[in-house]
Amino acid sequence: MELLTEDVVPAGARDVKHEAREFAEEHIEPAAADYYESGEYPWEVLEAGMEAGLVAQDISEEYGGRGLDLEEILAMAEEFYRADAGIALTLQLASFGAEMLQEYGDDWQKEEFLRPVAQNEQLTGLAVSEPDTGSDLAGMETTAEKDGDEWVINGEKYWIGNGVEADWVTLYARTGHDENDRYGNFSLFIVPTDTDGYEAEHIPEKMGFRASKQAHLHLNDVRIPEDHVIGTEGTGFYMLADFFNHGRVVVGGHGLGLAAAAIEEAYDFTHGRQAFGRDVSEFQKVQHILADMRTEFEAARSLNWRAAQKVANNDNSGFWAAQAKVKSTETATMCAERGMQLHGGRSVLTENRISRVYRDVRIPVIYEGANEIQRNLIYGQW
Ligand SMILES: Cc1cc2nc3c(=O)[nH]c(=O)nc-3n(C[C@H](O)[C@H](O)[C@H](O)COP(=O)(O)OP(=O)(O)OC[C@H]3O[C@@H](n4cnc5c(N)ncnc54)[C@H](O)[C@@H]3O)c2cc1C
């Protein structure tokens, strides 16, 4: 059964899709269960992904990457998340946020920080969320104050992918205090993780996405030179909002990959399991559940790929990206929930892929903006 068909994938993204499928089958699927159990950072798979040219390659050719476009990244996401969400996130996070440096950074910054990421010599991450604030981007409390020709950063960040492993992070901090312009108070900074005052510790064990690592950052008088500001001071909120419009289409791809995995598992299990003297798949109720899962999946996938095209063409991006994220990630939760029920008692055995998927689907409905926030955006940009 092939669920991630290529008919909805534009011709230009199909080569990368095939590369990603091949890589996922060879490197991600066989490693998924072990990394899920150990919760360790999947360095080996990450390095294999780098060798295969599938990590941090959204960075342009000018700065050493392959310049993969949004549709190619989405095609890759579907394949990787079908194989394992935690490993997939680790592969994807190697350049998380770097798109903003590419878009708004100056030449020196790109040579110094972007090129090593594209060449897989360095890892990066995006530090936005805080212990007390996640959804309200204009409510973050970490500050950056100017002192001579330096910025001094103080505060805390939470949930930061690669916060421990990264060489530098793109950090979002408050640089203004204008109560009449909540959105103009933030800027983005390149913060090397070996700067004095930058401390990172892994957050406690998670129930899902086990092979990805997030950190709690403590920033105590972290001094960085003034040329580490990305773009114009005070425009951080807007750069981030635009970046998330792209990111959320890809998070839709996380949901689609997970939904595909749930459907595959549910279909396989019900075709072979016997009850009341017949195959479980022969009960009409079971067939209807499978039919609903498939229908929701196909609907989500059509919307998601349509949204990708809209975002690529800059056509009301926020509206479409938010819809793609809501529909695809909630299709994944629905498919996982039903897939569990169809597995009966075996659903809860941690060795079964459906139980991994069930735990993983809880996360894309939250990250890159909880789905409630997406609904605000959909209605607000109608
Ligand atoms: C595995 C994982 C990886 C992550 N990686 C990163 C990363 O690399 N970098 C980073 O910066 N962050 C990262 N995050 C953080 C993520 O983006 C936030 O968790 C998310 O934005 C939600 O913020 P919060 O957890 O603080 O929830 P809150 O903002 O505290 O919200 C809690 C809940 O309240 C409800 N709610 C909040 N506001 C509204 C509203 N306006 N209307 C209706 N309901 C509302 C929603 O149900 C929401 O889920 C990651 C999170 C996870 C779980």
# chains A, B, ... in the order shown; residues from 1 in each chain; ligands from 1
>>> residues_around(residues="Ile28 (chain A)", least_positions_apart="2", cutoff="10 Å", atoms="only C-alpha atoms", output="MDAnalysis selection string")
chainID A and resid 21:26 30:33 35 42 45:46 48:49 80:88
>>> write_last_selection(atoms="N, CA and C atoms", output="tab-separated table (two decimals), in the first residue's frame")
chain	number	residue	atom	x	y	z
A	21	ARG	N	12.86	8.76	0.63
A	21	ARG	CA	12.28	7.44	0.89
A	21	ARG	C	13.38	6.39	1.05
A	22	GLU	N	14.32	6.45	0.11
A	22	GLU	CA	15.41	5.47	0.14
A	22	GLU	C	16.21	5.61	1.44
A	23	PHE	N	16.50	6.86	1.80
A	23	PHE	CA	17.26	7.11	3.02
A	23	PHE	C	16.47	6.64	4.25
A	24	ALA	N	15.18	6.95	4.27
A	24	ALA	CA	14.35	6.59	5.42
A	24	ALA	C	14.31	5.07	5.59
A	25	GLU	N	14.19	4.37	4.48
A	25	GLU	CA	14.13	2.89	4.57
A	25	GLU	C	15.45	2.30	5.04
A	26	GLU	N	16.53	2.92	4.58
A	26	GLU	CA	17.84	2.36	4.93
A	26	GLU	C	18.34	2.77	6.32
A	30	PRO	N	15.07	1.28	10.35
A	30	PRO	CA	15.71	0.23	11.16
A	30	PRO	C	16.17	0.72	12.54
A	31	ALA	N	16.41	2.02	12.66
A	31	ALA	CA	16.95	2.56	13.92
A	31	ALA	C	15.85	3.07	14.84
A	32	ALA	N	14.63	3.22	14.32
A	32	ALA	CA	13.58	3.95	15.03
A	32	ALA	C	13.28	3.37	16.42
A	33	ALA	N	13.05	2.07	16.49
A	33	ALA	CA	12.62	1.48	17.77
A	33	ALA	C	13.71	1.64	18.84
A	35	TYR	N	16.17	3.92	19.09
A	35	TYR	CA	16.31	5.30	19.56
A	35	TYR	C	15.09	5.72	20.39
A	42	PRO	N	20.29	10.85	17.91
A	42	PRO	CA	20.68	9.90	16.85
A	42	PRO	C	21.82	10.41	15.96
A	45	VAL	N	22.52	8.54	12.59
A	45	VAL	CA	21.57	8.76	11.50
A	45	VAL	C	21.75	10.18	10.95
A	46	LEU	N	22.02	11.11	11.86
A	46	LEU	CA	22.23	12.50	11.44
A	46	LEU	C	23.44	12.57	10.49
A	48	ALA	N	24.68	10.17	8.70
A	48	ALA	CA	24.34	9.50	7.42
A	48	ALA	C	23.49	10.45	6.56
A	49	GLY	N	22.59	11.18	7.20
A	49	GLY	CA	21.76	12.14	6.47
A	49	GLY	C	22.60	13.25	5.85
A	80	PHE	N	10.28	11.26	5.92
A	80	PHE	CA	11.04	11.07	7.16
A	80	PHE	C	10.11	10.81	8.35
A	81	TYR	N	9.01	11.57	8.44
A	81	TYR	CA	8.13	11.42	9.61
A	81	TYR	C	7.35	10.12	9.55
A	82	ARG	N	7.12	9.62	8.35
A	82	ARG	CA	6.50	8.29	8.23
A	82	ARG	C	7.42	7.24	8.88
A	83	ALA	N	8.72	7.45	8.73
A	83	ALA	CA	9.69	6.46	9.23
A	83	ALA	C	9.91	6.60	10.74
A	84	ASP	N	10.07	7.81	11.23
A	84	ASP	CA	10.15	8.06	12.68
A	84	ASP	C	10.23	9.56	12.95
A	85	ALA	N	9.31	10.04	13.76
A	85	ALA	CA	9.19	11.48	13.96
A	85	ALA	C	10.37	12.07	14.74
A	86	GLY	N	10.85	11.36	15.75
A	86	GLY	CA	11.93	11.92	16.57
A	86	GLY	C	13.22	12.08	15.77
A	87	ILE	N	13.57	11.03	15.03
A	87	ILE	CA	14.78	11.11	14.20
A	87	ILE	C	14.58	12.17	13.12
A	88	ALA	N	13.38	12.19	12.54
A	88	ALA	CA	13.09	13.16	11.49
A	88	ALA	C	13.28	14.59	12.00
>>> residues_near_ligand(ligand="ligand 1", cutoff="8 Å", atoms="only C-alpha atoms and all ligand atoms", output="NGL selection string")
:A and (93 or 96 or 125-136 or 157-163 or 206 or 208-209 or 212-214 or 363-364 or 366-373 or 376)
>>> write_last_selection(atoms="N, CA, C and O atoms", output="short mmCIF file (atom, residue, chain, number, x, y, z; two decimals), in the first residue's frame")
data_model
loop_
_atom_site.label_atom_id
_atom_site.label_comp_id
_atom_site.auth_asym_id
_atom_site.auth_seq_id
_atom_site.Cartn_x
_atom_site.Cartn_y
_atom_site.Cartn_z
N LEU A 93 16.07 19.75 12.33
CA LEU A 93 16.46 20.86 13.20
C LEU A 93 17.89 21.33 13.00
O LEU A 93 18.27 22.38 13.51
N PHE A 96 17.34 24.59 11.68
CA PHE A 96 16.08 25.25 12.04
C PHE A 96 16.31 26.74 12.33
O PHE A 96 17.11 27.09 13.18
N GLY A 125 19.98 26.06 15.77
CA GLY A 125 18.67 25.85 16.38
C GLY A 125 17.96 27.19 16.48
O GLY A 125 18.58 28.24 16.25
N LEU A 126 16.69 27.15 16.84
CA LEU A 126 15.91 28.39 16.94
C LEU A 126 15.38 28.52 18.37
O LEU A 126 14.66 27.64 18.85
N ALA A 127 15.75 29.63 19.02
CA ALA A 127 15.38 29.81 20.43
C ALA A 127 14.35 30.92 20.56
O ALA A 127 14.71 32.11 20.62
N VAL A 128 13.09 30.52 20.65
CA VAL A 128 12.00 31.49 20.77
C VAL A 128 11.24 31.28 22.08
O VAL A 128 11.11 32.18 22.91
N SER A 129 10.71 30.04 22.29
CA SER A 129 9.83 29.77 23.43
C SER A 129 10.54 29.95 24.76
O SER A 129 11.75 29.77 24.87
N GLU A 130 9.74 30.26 25.78
CA GLU A 130 10.28 30.48 27.13
C GLU A 130 9.51 29.63 28.13
O GLU A 130 8.41 29.15 27.81
N PRO A 131 10.06 29.47 29.34
CA PRO A 131 9.35 28.64 30.32
C PRO A 131 7.92 29.13 30.58
O PRO A 131 7.00 28.33 30.72
N ASP A 132 7.72 30.46 30.61
CA ASP A 132 6.40 30.99 30.95
C ASP A 132 5.58 31.45 29.76
O ASP A 132 4.44 31.88 29.93
N THR A 133 6.17 31.45 28.58
CA THR A 133 5.46 31.97 27.40
C THR A 133 5.85 31.17 26.17
O THR A 133 7.03 31.06 25.85
N GLY A 134 4.84 30.65 25.48
CA GLY A 134 5.12 29.92 24.24
C GLY A 134 4.31 30.46 23.09
O GLY A 134 4.83 30.79 22.03
N SER A 135 3.00 30.57 23.32
CA SER A 135 2.10 30.96 22.24
C SER A 135 2.17 32.45 21.91
O SER A 135 2.03 32.84 20.75
N ASP A 136 2.40 33.27 22.91
CA ASP A 136 2.34 34.72 22.70
C ASP A 136 3.72 35.25 22.30
O ASP A 136 4.53 35.62 23.15
N LYS A 157 15.14 30.38 27.91
CA LYS A 157 14.40 29.81 26.78
C LYS A 157 14.14 28.35 27.09
O LYS A 157 14.94 27.70 27.79
N TYR A 158 13.02 27.84 26.58
CA TYR A 158 12.64 26.46 26.90
C TYR A 158 12.22 25.74 25.62
O TYR A 158 11.70 26.38 24.71
N TRP A 159 12.44 24.46 25.57
CA TRP A 159 12.05 23.63 24.42
C TRP A 159 12.95 23.82 23.21
O TRP A 159 12.53 23.56 22.08
N ILE A 160 14.17 24.28 23.41
CA ILE A 160 14.98 24.67 22.26
C ILE A 160 15.70 23.47 21.65
O ILE A 160 16.64 22.92 22.23
N GLY A 161 15.24 23.10 20.45
CA GLY A 161 15.84 21.98 19.73
C GLY A 161 17.31 22.25 19.49
O GLY A 161 17.67 23.33 19.02
N ASN A 162 18.16 21.29 19.82
CA ASN A 162 19.61 21.41 19.65
C ASN A 162 20.24 22.46 20.56
O ASN A 162 21.38 22.86 20.33
N GLY A 163 19.52 22.92 21.57
CA GLY A 163 20.08 23.95 22.46
C GLY A 163 21.40 23.53 23.07
O GLY A 163 22.29 24.35 23.31
N LYS A 206 10.88 12.91 27.33
CA LYS A 206 9.56 13.11 26.74
C LYS A 206 8.90 11.76 26.45
O LYS A 206 9.59 10.77 26.24
N GLY A 208 7.09 11.33 23.71
CA GLY A 208 7.10 11.17 22.25
C GLY A 208 8.32 11.84 21.67
O GLY A 208 9.09 12.47 22.39
N PHE A 209 8.51 11.71 20.37
CA PHE A 209 9.65 12.32 19.69
C PHE A 209 10.94 12.06 20.47
O PHE A 209 11.74 12.96 20.71
N SER A 212 14.63 13.14 19.53
CA SER A 212 15.00 14.54 19.33
C SER A 212 15.27 15.13 20.71
O SER A 212 14.69 14.69 21.71
N LYS A 213 16.14 16.12 20.75
CA LYS A 213 16.53 16.68 22.06
C LYS A 213 16.23 18.17 22.12
O LYS A 213 16.60 18.92 21.22
N GLN A 214 15.59 18.57 23.21
CA GLN A 214 15.32 19.99 23.42
C GLN A 214 16.00 20.44 24.73
O GLN A 214 16.26 19.61 25.60
N ILE A 363 2.54 15.89 19.48
CA ILE A 363 3.47 17.03 19.48
C ILE A 363 3.27 18.02 18.32
O ILE A 363 3.20 19.23 18.55
N PRO A 364 3.12 17.57 17.08
CA PRO A 364 2.92 18.57 16.01
C PRO A 364 1.65 19.42 16.15
O PRO A 364 1.56 20.50 15.57
N ILE A 366 1.04 20.95 18.70
CA ILE A 366 1.48 22.01 19.63
C ILE A 366 2.59 22.87 19.02
O ILE A 366 2.51 24.10 19.03
N TYR A 367 3.66 22.24 18.52
CA TYR A 367 4.82 23.09 18.17
C TYR A 367 4.59 23.90 16.90
O TYR A 367 3.71 23.65 16.14
N GLU A 368 5.44 24.92 16.77
CA GLU A 368 5.27 25.98 15.74
C GLU A 368 3.89 26.65 15.84
O GLU A 368 3.29 27.02 14.84
N GLY A 369 3.42 26.77 17.08
CA GLY A 369 2.14 27.43 17.33
C GLY A 369 1.05 26.41 17.53
O GLY A 369 0.67 25.70 16.60
N ALA A 370 0.52 26.36 18.76
CA ALA A 370 -0.56 25.40 19.07
C ALA A 370 -1.71 25.61 18.08
O ALA A 370 -1.90 26.70 17.55
N ASN A 371 -2.48 24.54 17.84
CA ASN A 371 -3.50 24.64 16.79
C ASN A 371 -4.59 25.68 17.11
O ASN A 371 -5.23 26.19 16.19
N GLU A 372 -4.74 26.02 18.38
CA GLU A 372 -5.69 27.10 18.70
C GLU A 372 -5.19 28.42 18.08
O GLU A 372 -5.99 29.21 17.58
N ILE A 373 -3.90 28.63 18.15
CA ILE A 373 -3.32 29.85 17.55
C ILE A 373 -3.51 29.82 16.03
O ILE A 373 -3.79 30.83 15.39
N ASN A 376 -6.87 30.95 15.21
CA ASN A 376 -6.95 32.42 15.27
C ASN A 376 -6.45 33.02 13.96
O ASN A 376 -7.03 33.97 13.42
#
>>> atom_distance(atom1="CA of Val8 (chain A)", atom2="CA of Ala291 (chain A)")
19.8 Å
>>> residues_around(residues="region 341-346 of chain A", least_positions_apart="5", cutoff="7 Å", atoms="only C-alpha atoms", output="MDAnalysis selection string")
chainID A and resid 266 269:270
>>> write_last_selection(atoms="all heavy atoms", output="PDB file, in the first residue's frame")
ATOM      1  N   ALA A 266      -2.654   0.151  10.998  1.00  0.00           N
ATOM      2  CA  ALA A 266      -4.031  -0.284  11.262  1.00  0.00           C
ATOM      3  C   ALA A 266      -4.503  -1.240  10.175  1.00  0.00           C
ATOM      4  O   ALA A 266      -5.148  -2.265  10.449  1.00  0.00           O
ATOM      5  CB  ALA A 266      -4.957   0.939  11.325  1.00  0.00           C
ATOM      6  N   PHE A 269      -2.677  -4.663  10.563  1.00  0.00           N
ATOM      7  CA  PHE A 269      -3.092  -5.447  11.729  1.00  0.00           C
ATOM      8  C   PHE A 269      -4.478  -6.053  11.525  1.00  0.00           C
ATOM      9  O   PHE A 269      -4.715  -7.230  11.842  1.00  0.00           O
ATOM     10  CB  PHE A 269      -3.088  -4.573  12.999  1.00  0.00           C
ATOM     11  CG  PHE A 269      -3.362  -5.354  14.245  1.00  0.00           C
ATOM     12  CD1 PHE A 269      -2.344  -6.043  14.886  1.00  0.00           C
ATOM     13  CD2 PHE A 269      -4.651  -5.446  14.768  1.00  0.00           C
ATOM     14  CE1 PHE A 269      -2.591  -6.802  16.029  1.00  0.00           C
ATOM     15  CE2 PHE A 269      -4.913  -6.197  15.909  1.00  0.00           C
ATOM     16  CZ  PHE A 269      -3.874  -6.876  16.545  1.00  0.00           C
ATOM     17  N   THR A 270      -5.398  -5.265  10.993  1.00  0.00           N
ATOM     18  CA  THR A 270      -6.779  -5.760  10.858  1.00  0.00           C
ATOM     19  C   THR A 270      -6.913  -6.800   9.743  1.00  0.00           C
ATOM     20  O   THR A 270      -7.881  -7.543   9.714  1.00  0.00           O
ATOM     21  CB  THR A 270      -7.760  -4.600  10.580  1.00  0.00           C
ATOM     22  OG1 THR A 270      -7.272  -3.829   9.478  1.00  0.00           O
ATOM     23  CG2 THR A 270      -7.903  -3.693  11.792  1.00  0.00           C
TER      24      THR A 270
END
>>> select_by_dssp(residues="region 57-296 of chain A", states="alpha helix (DSSP H)", output="NGL selection string")
:A and (70-83 or 85-93 or 98-104 or 107-109 or 115-118 or 236-270 or 284-296)
>>> closest_residue(among="A:Ala211, A:Leu217, A:Ala324, A:Leu3", to="Leu171 (chain A)", atoms="only C-alpha atoms")
A:Leu217
>>> atom_distance(atom1="CA of Arg375 (chain A)", atom2="CA of Asn313 (chain A)")
21.9 Å
>>> atom_distance(atom1="CA of Ser187 (chain A)", atom2="CA of Gly155 (chain A)")
14.3 Å
>>> residues_around(residues="Gln122 (chain A)", least_positions_apart="2", cutoff="9 Å", atoms="only C-alpha atoms", output="PyMOL selection string")
chain A and resi 94+113-120+124+166-168
>>> residues_around(residues="Gly380 (chain A)", least_positions_apart="2", cutoff="12 Å", atoms="only C-alpha atoms", output="list in words")
Asn316, Gly318, Phe319, Trp320, Ala322, Ile373, Gln374, Arg375, Asn376, Leu377, Ile378 and Trp382 of chain A
>>> residues_around(residues="Gly247 (chain A)", least_positions_apart="3", cutoff="9 Å", atoms="only C-alpha atoms", output="JSON, numbers by chain")
{"A": [70, 242, 243, 244, 250, 251, 252, 321, 368]}
>>> write_last_selection(atoms="N, CA and C atoms", output="JSON list (two decimals), in the first residue's frame")
[["chain", "number", "residue", "atom", "x", "y", "z"],
["A", 70, "LEU", "N", 10.59, 24.87, -0.79],
["A", 70, "LEU", "CA", 9.59, 24.46, 0.20],
["A", 70, "LEU", "C", 8.95, 23.11, -0.16],
["A", 242, "ASP", "N", 6.84, 35.40, 9.37],
["A", 242, "ASP", "CA", 6.97, 35.00, 7.97],
["A", 242, "ASP", "C", 7.64, 33.62, 7.86],
["A", 243, "PHE", "N", 8.64, 33.41, 8.69],
["A", 243, "PHE", "CA", 9.33, 32.11, 8.70],
["A", 243, "PHE", "C", 8.36, 30.99, 9.06],
["A", 244, "PHE", "N", 7.50, 31.24, 10.05],
["A", 244, "PHE", "CA", 6.55, 30.20, 10.47],
["A", 244, "PHE", "C", 5.54, 29.88, 9.38],
["A", 250, "VAL", "N", 5.37, 22.70, 6.40],
["A", 250, "VAL", "CA", 6.23, 21.53, 6.60],
["A", 250, "VAL", "C", 5.76, 20.74, 7.82],
["A", 251, "VAL", "N", 5.30, 21.44, 8.86],
["A", 251, "VAL", "CA", 4.77, 20.71, 10.03],
["A", 251, "VAL", "C", 3.52, 19.92, 9.61],
["A", 252, "GLY", "N", 2.76, 20.46, 8.66],
["A", 252, "GLY", "CA", 1.67, 19.66, 8.08],
["A", 252, "GLY", "C", 2.23, 18.35, 7.54],
["A", 321, "ALA", "N", -1.05, 28.28, 5.35],
["A", 321, "ALA", "CA", -0.12, 27.48, 6.15],
["A", 321, "ALA", "C", -0.79, 27.02, 7.45],
["A", 368, "GLU", "N", 5.44, 24.92, 16.77],
["A", 368, "GLU", "CA", 5.27, 25.98, 15.74],
["A", 368, "GLU", "C", 3.89, 26.65, 15.84]]
>>> residues_around(residues="Ala312 (chain A)", least_positions_apart="4", cutoff="10 Å", atoms="only C-alpha atoms", output="ChimeraX atom specification")
/A:69-71,245-246,306-308,317
>>> select_by_dssp(residues="region 32-266 of chain A", states="strand (DSSP E)", output="number ranges by chain")
A: 124-127, 143-147, 150-161, 168-174, 186-192, 198-202, 214-225, 229-230
>>> closest_residue(among="A:Gln102, A:Asn352, A:Thr142, A:Gln92", to="Ala261 (chain A)", atoms="only C-alpha atoms")
A:Asn352
>>> closest_residue(among="A:Val348, A:Gly234, A:Glu265, A:Glu330", to="Ala299 (chain A)", atoms="only C-alpha atoms")
A:Glu330
>>> decode(residues="region 154-165 of chain A", atoms="N, CA, C and O atoms", output="PDB file, in the first residue's frame")
ATOM      1  N   ASN A 154      19.753  38.533  28.592  1.00  0.00           N
ATOM      2  CA  ASN A 154      19.391  37.886  29.865  1.00  0.00           C
ATOM      3  C   ASN A 154      18.004  37.265  29.759  1.00  0.00           C
ATOM      4  O   ASN A 154      17.095  37.875  29.186  1.00  0.00           O
ATOM      5  N   GLY A 155      17.859  36.082  30.315  1.00  0.00           N
ATOM      6  CA  GLY A 155      16.544  35.440  30.332  1.00  0.00           C
ATOM      7  C   GLY A 155      16.659  33.932  30.227  1.00  0.00           C
ATOM      8  O   GLY A 155      17.736  33.363  30.475  1.00  0.00           O
ATOM      9  N   GLU A 156      15.533  33.325  29.887  1.00  0.00           N
ATOM     10  CA  GLU A 156      15.513  31.850  29.761  1.00  0.00           C
ATOM     11  C   GLU A 156      14.742  31.464  28.514  1.00  0.00           C
ATOM     12  O   GLU A 156      13.787  32.144  28.134  1.00  0.00           O
ATOM     13  N   LYS A 157      15.144  30.382  27.909  1.00  0.00           N
ATOM     14  CA  LYS A 157      14.403  29.815  26.780  1.00  0.00           C
ATOM     15  C   LYS A 157      14.137  28.346  27.085  1.00  0.00           C
ATOM     16  O   LYS A 157      14.935  27.695  27.788  1.00  0.00           O
ATOM     17  N   TYR A 158      13.023  27.839  26.578  1.00  0.00           N
ATOM     18  CA  TYR A 158      12.637  26.460  26.903  1.00  0.00           C
ATOM     19  C   TYR A 158      12.222  25.744  25.625  1.00  0.00           C
ATOM     20  O   TYR A 158      11.704  26.378  24.710  1.00  0.00           O
ATOM     21  N   TRP A 159      12.435  24.460  25.571  1.00  0.00           N
ATOM     22  CA  TRP A 159      12.049  23.625  24.418  1.00  0.00           C
ATOM     23  C   TRP A 159      12.950  23.818  23.213  1.00  0.00           C
ATOM     24  O   TRP A 159      12.528  23.561  22.079  1.00  0.00           O
ATOM     25  N   ILE A 160      14.173  24.278  23.408  1.00  0.00           N
ATOM     26  CA  ILE A 160      14.981  24.670  22.261  1.00  0.00           C
ATOM     27  C   ILE A 160      15.705  23.471  21.646  1.00  0.00           C
ATOM     28  O   ILE A 160      16.645  22.916  22.230  1.00  0.00           O
ATOM     29  N   GLY A 161      15.241  23.105  20.446  1.00  0.00           N
ATOM     30  CA  GLY A 161      15.838  21.977  19.729  1.00  0.00           C
ATOM     31  C   GLY A 161      17.311  22.248  19.490  1.00  0.00           C
ATOM     32  O   GLY A 161      17.667  23.327  19.019  1.00  0.00           O
ATOM     33  N   ASN A 162      18.156  21.286  19.821  1.00  0.00           N
ATOM     34  CA  ASN A 162      19.609  21.406  19.650  1.00  0.00           C
ATOM     35  C   ASN A 162      20.241  22.464  20.559  1.00  0.00           C
ATOM     36  O   ASN A 162      21.381  22.858  20.330  1.00  0.00           O
ATOM     37  N   GLY A 163      19.516  22.925  21.568  1.00  0.00           N
ATOM     38  CA  GLY A 163      20.077  23.953  22.456  1.00  0.00           C
ATOM     39  C   GLY A 163      21.400  23.532  23.073  1.00  0.00           C
ATOM     40  O   GLY A 163      22.289  24.352  23.309  1.00  0.00           O
ATOM     41  N   VAL A 164      21.562  22.232  23.323  1.00  0.00           N
ATOM     42  CA  VAL A 164      22.822  21.714  23.869  1.00  0.00           C
ATOM     43  C   VAL A 164      23.803  21.411  22.733  1.00  0.00           C
ATOM     44  O   VAL A 164      24.988  21.730  22.807  1.00  0.00           O
ATOM     45  N   GLU A 165      23.301  20.800  21.661  1.00  0.00           N
ATOM     46  CA  GLU A 165      24.181  20.285  20.608  1.00  0.00           C
ATOM     47  C   GLU A 165      24.653  21.351  19.620  1.00  0.00           C
ATOM     48  O   GLU A 165      25.688  21.186  18.962  1.00  0.00           O
TER      49      GLU A 165
END
